[in-house]
Amino acid sequence: MFLTPEALQELTKIVGQNYIFTDQETRNHYGHDETEDYVFPPNVVLKPANAEEISEILKIANKYKIPTTPIGGRTGLSGGALSVHEGIGLSTERLNKILEIDVQNLQVILEPAVITQVLREAVAEKGLFYPPDPSSQGSCWIGGNVAENAGGARAVKYGVTKDYVLNLEVVLPNGEIIWTGANTLKNSTGYNLTQLMVGSEGTLGVITKIVMKLLPKVSHNVLMLVPFYRASQACEAVSAIFRAGIIPSALEFMERDAIDWTLKYNHNISVVVKDEVQAHLLIEVDGNYPEILMQEAEKIMKVVEEFEIDEILFADTDDQKNALWKMRRSVAEAVKSNSVYKEEDTVVPRFELPKLLEGIKRIGNKYGFKSVCYGHAGDGNLHVNIIKGNMTDENWNIEVTKGIREIFELTISLKGTLSGEHGIGFVQKNYMNIAFTSSHLLIMKNIKKVFDPNNILNPGKIFPDY
């Protein structure tokens, strides 16, 4: 227990009695996210109202050397919001306002607890477009998206969260409040502290305001589902589509089990899958001119017809499009409902996807585990769900860990990296020495030390234990 009665009394004065919680139920609730079955309750949960209160909290945390974990929507998959060293669980849920939608400059200023889908819908009403669309967009928060540099299906054409962040209000671990940049599209003034904060997983500061750029709203899209008789050929087709001169707005891969489990999990989705089909690509092109989109769709058809495929399904109505996207976005939930699992977030250059998929299956056979793969194939980003099934606890804890290390070693050998969008957090940190030398890690640790010399902010994340 890190909290003395004196510290608790000082924290209560900051947030008020109604926004400080020490009961076990609340602590457990804020002690988990969507990462496997981990639960790490903080000693106390605080719900500050603004940056000024967060500043005062961090001053107290520094004074008493109290570990402090920023907590957002708790939809993360790498354990970034877990209070692994107890201490303060700092929920940003009360900072949930869209402060301004600047139509003239195509920008939005908002607080971190705004739900991603709420943002997308709010700017769409103004004729604007915020492209990043994680599968959890209906529940994840923008602050967490920034902290993890979240992506989504449309990152292949439009980029990830970092490509839209212009400026951040951040409370540093010592309590100082700063803006990291400027509300401009170009900025070559000193080190880029804004982009350093993006993807820093709550280890360098607490984000309290975000300035993001927007795009004009896109009016049309074409969506198709392509069944492949061989999963490896579905992966091969990905780079072939780009080499044909097409940049889809989304290009998603789902192997057979991913679709089968999703259809069983969600009975409202109706897609017929022949026994011989091993994988699907869900491909979207978008723009403002329907005739151009149809030309692009025809080019894509010519590319995929060079492979062994079944009949292509075109979504003719919005209901059909929504059903196909619901199927894709439901995969993670379906897998989770089917078995205990571990999810890895590998990413490689897209041409290497067939080698990655083949290697994952080979490694699974070696260590005795089954995997279900799906993901943002257009980015080379493959989510690997390792299924416990009937494995013993011993094999699950020992053999699977060996297998994951080999999967990451394969990924690095293919010029890829450990995470495309989920972050490193708690569960991947001990694999970081696969991707980085000791010199790389020392540079990162020294950056952390400059921002947070007392190591109070989200300790136990990103860096290996050894």
# chains A, B, ... in the order shown; residues from 1 in each chain; ligands from 1
$ residues_around --residues "stretch 43-50 of chain A" --least-positions-apart "3" --cutoff "9 Å" --atoms "only C-alpha atoms" --output "number ranges by chain"
A: 1-3, 8, 11-12, 14-16, 18-24, 26-27, 30, 53-55, 57, 83, 86-95, 208
$ select_by_dssp --residues "stretch 63-210 of chain A" --states "alpha helix (DSSP H)" --output "ChimeraX atom specification"
/A:63-64,116-124,142-148,155-158,193-197
$ write_last_selection --atoms "C-alpha atoms" --output "PDB file, in the first residue's frame"
ATOM      1  CA  LYS A  63       6.031  14.095  -3.353  1.00  0.00           C
ATOM      2  CA  TYR A  64       5.177  10.657  -1.935  1.00  0.00           C
ATOM      3  CA  THR A 116     -13.863   7.684 -31.055  1.00  0.00           C
ATOM      4  CA  GLN A 117     -17.148   6.953 -32.820  1.00  0.00           C
ATOM      5  CA  VAL A 118     -18.773   9.967 -31.142  1.00  0.00           C
ATOM      6  CA  LEU A 119     -16.010  12.138 -32.593  1.00  0.00           C
ATOM      7  CA  ARG A 120     -16.377  10.617 -36.054  1.00  0.00           C
ATOM      8  CA  GLU A 121     -20.147  11.161 -36.049  1.00  0.00           C
ATOM      9  CA  ALA A 122     -19.900  14.706 -34.662  1.00  0.00           C
ATOM     10  CA  VAL A 123     -17.493  15.889 -37.352  1.00  0.00           C
ATOM     11  CA  ALA A 124     -19.458  14.041 -40.070  1.00  0.00           C
ATOM     12  CA  ILE A 142      -9.474   9.310 -28.240  1.00  0.00           C
ATOM     13  CA  GLY A 143      -6.960   9.737 -25.406  1.00  0.00           C
ATOM     14  CA  GLY A 144      -6.203   6.025 -25.469  1.00  0.00           C
ATOM     15  CA  ASN A 145      -5.988   6.120 -29.271  1.00  0.00           C
ATOM     16  CA  VAL A 146      -3.323   8.816 -28.969  1.00  0.00           C
ATOM     17  CA  ALA A 147      -1.491   7.014 -26.163  1.00  0.00           C
ATOM     18  CA  GLU A 148      -1.296   3.787 -28.193  1.00  0.00           C
ATOM     19  CA  ALA A 155      -5.233   3.339 -41.903  1.00  0.00           C
ATOM     20  CA  VAL A 156      -4.055   1.755 -45.152  1.00  0.00           C
ATOM     21  CA  LYS A 157      -5.184   4.846 -47.101  1.00  0.00           C
ATOM     22  CA  TYR A 158      -5.568   7.539 -44.467  1.00  0.00           C
ATOM     23  CA  LEU A 193       7.294  16.633 -28.558  1.00  0.00           C
ATOM     24  CA  THR A 194       3.800  16.086 -29.920  1.00  0.00           C
ATOM     25  CA  GLN A 195       4.761  12.950 -31.804  1.00  0.00           C
ATOM     26  CA  LEU A 196       6.935  11.802 -28.907  1.00  0.00           C
ATOM     27  CA  MET A 197       3.797  11.790 -26.744  1.00  0.00           C
TER      28      MET A 197
END
$ atom_distance --atom1 "atom CA of A:His280" --atom2 "atom CA of A:Met254"
5.3 Å
$ residues_around --residues "A:Ala297" --least-positions-apart "6" --cutoff "10 Å" --atoms "only C-alpha atoms" --output "list in words"
Val222, Leu223, Met224, Ile246, Pro248, Ile283, Glu284, Val285, Glu291, Val303 and Phe314 of chain A
$ closest_atom_pairs --of "stretch 180-290 of chain A" --to "stretch 327-341 of chain A" --cutoff "9 Å" --atoms "only C-alpha atoms" --output "CSV"
residue,atom,partner,partner_atom,distance
A:Glu252,CA,A:Arg328,CA,8.0
A:Phe253,CA,A:Arg328,CA,8.9
A:Met254,CA,A:Arg328,CA,7.7
A:Ala258,CA,A:Val331,CA,6.0
A:Ile259,CA,A:Val331,CA,7.2
A:Trp261,CA,A:Ala334,CA,5.8
A:Thr262,CA,A:Ala334,CA,5.1
A:Leu263,CA,A:Met327,CA,7.4
A:Lys264,CA,A:Ala334,CA,8.0
A:Tyr265,CA,A:Ala334,CA,5.5
A:Asn266,CA,A:Ser330,CA,7.9
A:Ile269,CA,A:Met327,CA,6.8
A:Leu282,CA,A:Arg328,CA,8.3
$ closest_residue --among "A:Lys415, A:Ile109, A:Thr203, A:Lys65" --to "A:Asn458" --atoms "only C-alpha atoms"
A:Thr203
$ residues_around --residues "A:Glu409" --least-positions-apart "3" --cutoff "12 Å" --atoms "only C-alpha atoms" --output "ChimeraX atom specification"
/A:346-348,356,359-360,363,402-406,412-418,431-436
$ residues_around --residues "A:Lys388" --least-positions-apart "4" --cutoff "10 Å" --atoms "only C-alpha atoms" --output "number ranges by chain"
A: 338-342, 368-371, 392-393, 395-397, 400
$ write_last_selection --atoms "N, CA and C atoms" --output "PDB file, in the first residue's frame"
ATOM      1  N   ASN A 338     -14.967 -17.639 -27.378  1.00  0.00           N
ATOM      2  CA  ASN A 338     -14.769 -19.041 -27.718  1.00  0.00           C
ATOM      3  C   ASN A 338     -13.735 -19.723 -26.824  1.00  0.00           C
ATOM      4  N   SER A 339     -12.720 -18.964 -26.369  1.00  0.00           N
ATOM      5  CA  SER A 339     -11.624 -19.594 -25.625  1.00  0.00           C
ATOM      6  C   SER A 339     -10.774 -18.547 -24.937  1.00  0.00           C
ATOM      7  N   VAL A 340     -10.040 -18.967 -23.911  1.00  0.00           N
ATOM      8  CA  VAL A 340      -8.948 -18.142 -23.389  1.00  0.00           C
ATOM      9  C   VAL A 340      -7.933 -17.957 -24.518  1.00  0.00           C
ATOM     10  N   TYR A 341      -7.398 -16.755 -24.651  1.00  0.00           N
ATOM     11  CA  TYR A 341      -6.499 -16.520 -25.779  1.00  0.00           C
ATOM     12  C   TYR A 341      -5.493 -15.426 -25.451  1.00  0.00           C
ATOM     13  N   LYS A 342      -4.436 -15.378 -26.243  1.00  0.00           N
ATOM     14  CA  LYS A 342      -3.477 -14.278 -26.220  1.00  0.00           C
ATOM     15  C   LYS A 342      -3.469 -13.663 -27.606  1.00  0.00           C
ATOM     16  N   GLY A 368       2.421 -26.680 -30.266  1.00  0.00           N
ATOM     17  CA  GLY A 368       1.156 -27.303 -29.896  1.00  0.00           C
ATOM     18  C   GLY A 368       0.009 -26.357 -29.643  1.00  0.00           C
ATOM     19  N   PHE A 369       0.008 -25.177 -30.301  1.00  0.00           N
ATOM     20  CA  PHE A 369      -1.131 -24.287 -30.128  1.00  0.00           C
ATOM     21  C   PHE A 369      -1.770 -23.935 -31.473  1.00  0.00           C
ATOM     22  N   LYS A 370      -3.047 -23.599 -31.402  1.00  0.00           N
ATOM     23  CA  LYS A 370      -3.816 -23.183 -32.569  1.00  0.00           C
ATOM     24  C   LYS A 370      -3.864 -21.659 -32.598  1.00  0.00           C
ATOM     25  N   SER A 371      -3.853 -21.079 -33.780  1.00  0.00           N
ATOM     26  CA  SER A 371      -3.962 -19.624 -33.901  1.00  0.00           C
ATOM     27  C   SER A 371      -5.054 -19.273 -34.900  1.00  0.00           C
ATOM     28  N   THR A 392      -2.788 -27.649 -21.560  1.00  0.00           N
ATOM     29  CA  THR A 392      -2.607 -27.609 -20.108  1.00  0.00           C
ATOM     30  C   THR A 392      -2.112 -26.234 -19.696  1.00  0.00           C
ATOM     31  N   ASP A 393      -2.319 -25.893 -18.431  1.00  0.00           N
ATOM     32  CA  ASP A 393      -1.835 -24.603 -17.928  1.00  0.00           C
ATOM     33  C   ASP A 393      -0.317 -24.499 -18.073  1.00  0.00           C
ATOM     34  N   ASN A 395       1.681 -25.941 -20.360  1.00  0.00           N
ATOM     35  CA  ASN A 395       2.037 -25.659 -21.753  1.00  0.00           C
ATOM     36  C   ASN A 395       1.628 -24.242 -22.149  1.00  0.00           C
ATOM     37  N   TRP A 396       0.478 -23.815 -21.632  1.00  0.00           N
ATOM     38  CA  TRP A 396      -0.007 -22.469 -21.951  1.00  0.00           C
ATOM     39  C   TRP A 396       0.972 -21.410 -21.443  1.00  0.00           C
ATOM     40  N   ASN A 397       1.514 -21.625 -20.269  1.00  0.00           N
ATOM     41  CA  ASN A 397       2.391 -20.632 -19.658  1.00  0.00           C
ATOM     42  C   ASN A 397       3.846 -20.737 -20.112  1.00  0.00           C
ATOM     43  N   VAL A 400       3.735 -21.717 -24.975  1.00  0.00           N
ATOM     44  CA  VAL A 400       3.196 -20.603 -25.768  1.00  0.00           C
ATOM     45  C   VAL A 400       4.123 -19.397 -25.716  1.00  0.00           C
TER      46      VAL A 400
END
$ residues_around --residues "A:Asp316" --least-positions-apart "4" --cutoff "12 Å" --atoms "only C-alpha atoms" --output "JSON list (two decimals) with C-alpha atoms, in the first residue's frame"
[["chain", "number", "residue", "atom", "x", "y", "z"],
["A", 221, "ASN", "CA", -17.55, 3.71, -51.36],
["A", 222, "VAL", "CA", -17.59, 0.24, -52.89],
["A", 223, "LEU", "CA", -17.19, -2.80, -50.64],
["A", 224, "MET", "CA", -16.47, -6.37, -51.71],
["A", 225, "LEU", "CA", -15.80, -9.66, -49.94],
["A", 320, "GLN", "CA", -25.08, -5.18, -46.52],
["A", 321, "LYS", "CA", -22.02, -2.99, -46.02],
["A", 322, "ASN", "CA", -22.78, -2.57, -42.34],
["A", 323, "ALA", "CA", -23.25, -6.33, -41.96],
["A", 324, "LEU", "CA", -19.86, -7.08, -43.52]]
$ closest_residue --among "A:Ile386, A:Val198, A:Ile424, A:Ile210" --to "A:Tyr367" --atoms "only C-alpha atoms"
A:Ile386
$ atom_distance --atom1 "atom CA of A:Asn430" --atom2 "atom CA of A:Ser139"
28.5 Å
$ residues_around --residues "A:Asn381" --least-positions-apart "6" --cutoff "9 Å" --atoms "only C-alpha atoms" --output "list in words"
Asp345, Thr346, Val347, Val348, Pro349, Arg350, Leu353, Tyr374, Gly375, Ser419, Gly420 and Glu421 of chain A
$ closest_residue --among "A:Ser270, A:Leu172, A:Asn192, A:Asn28" --to "A:Lys449" --atoms "only C-alpha atoms"
A:Leu172
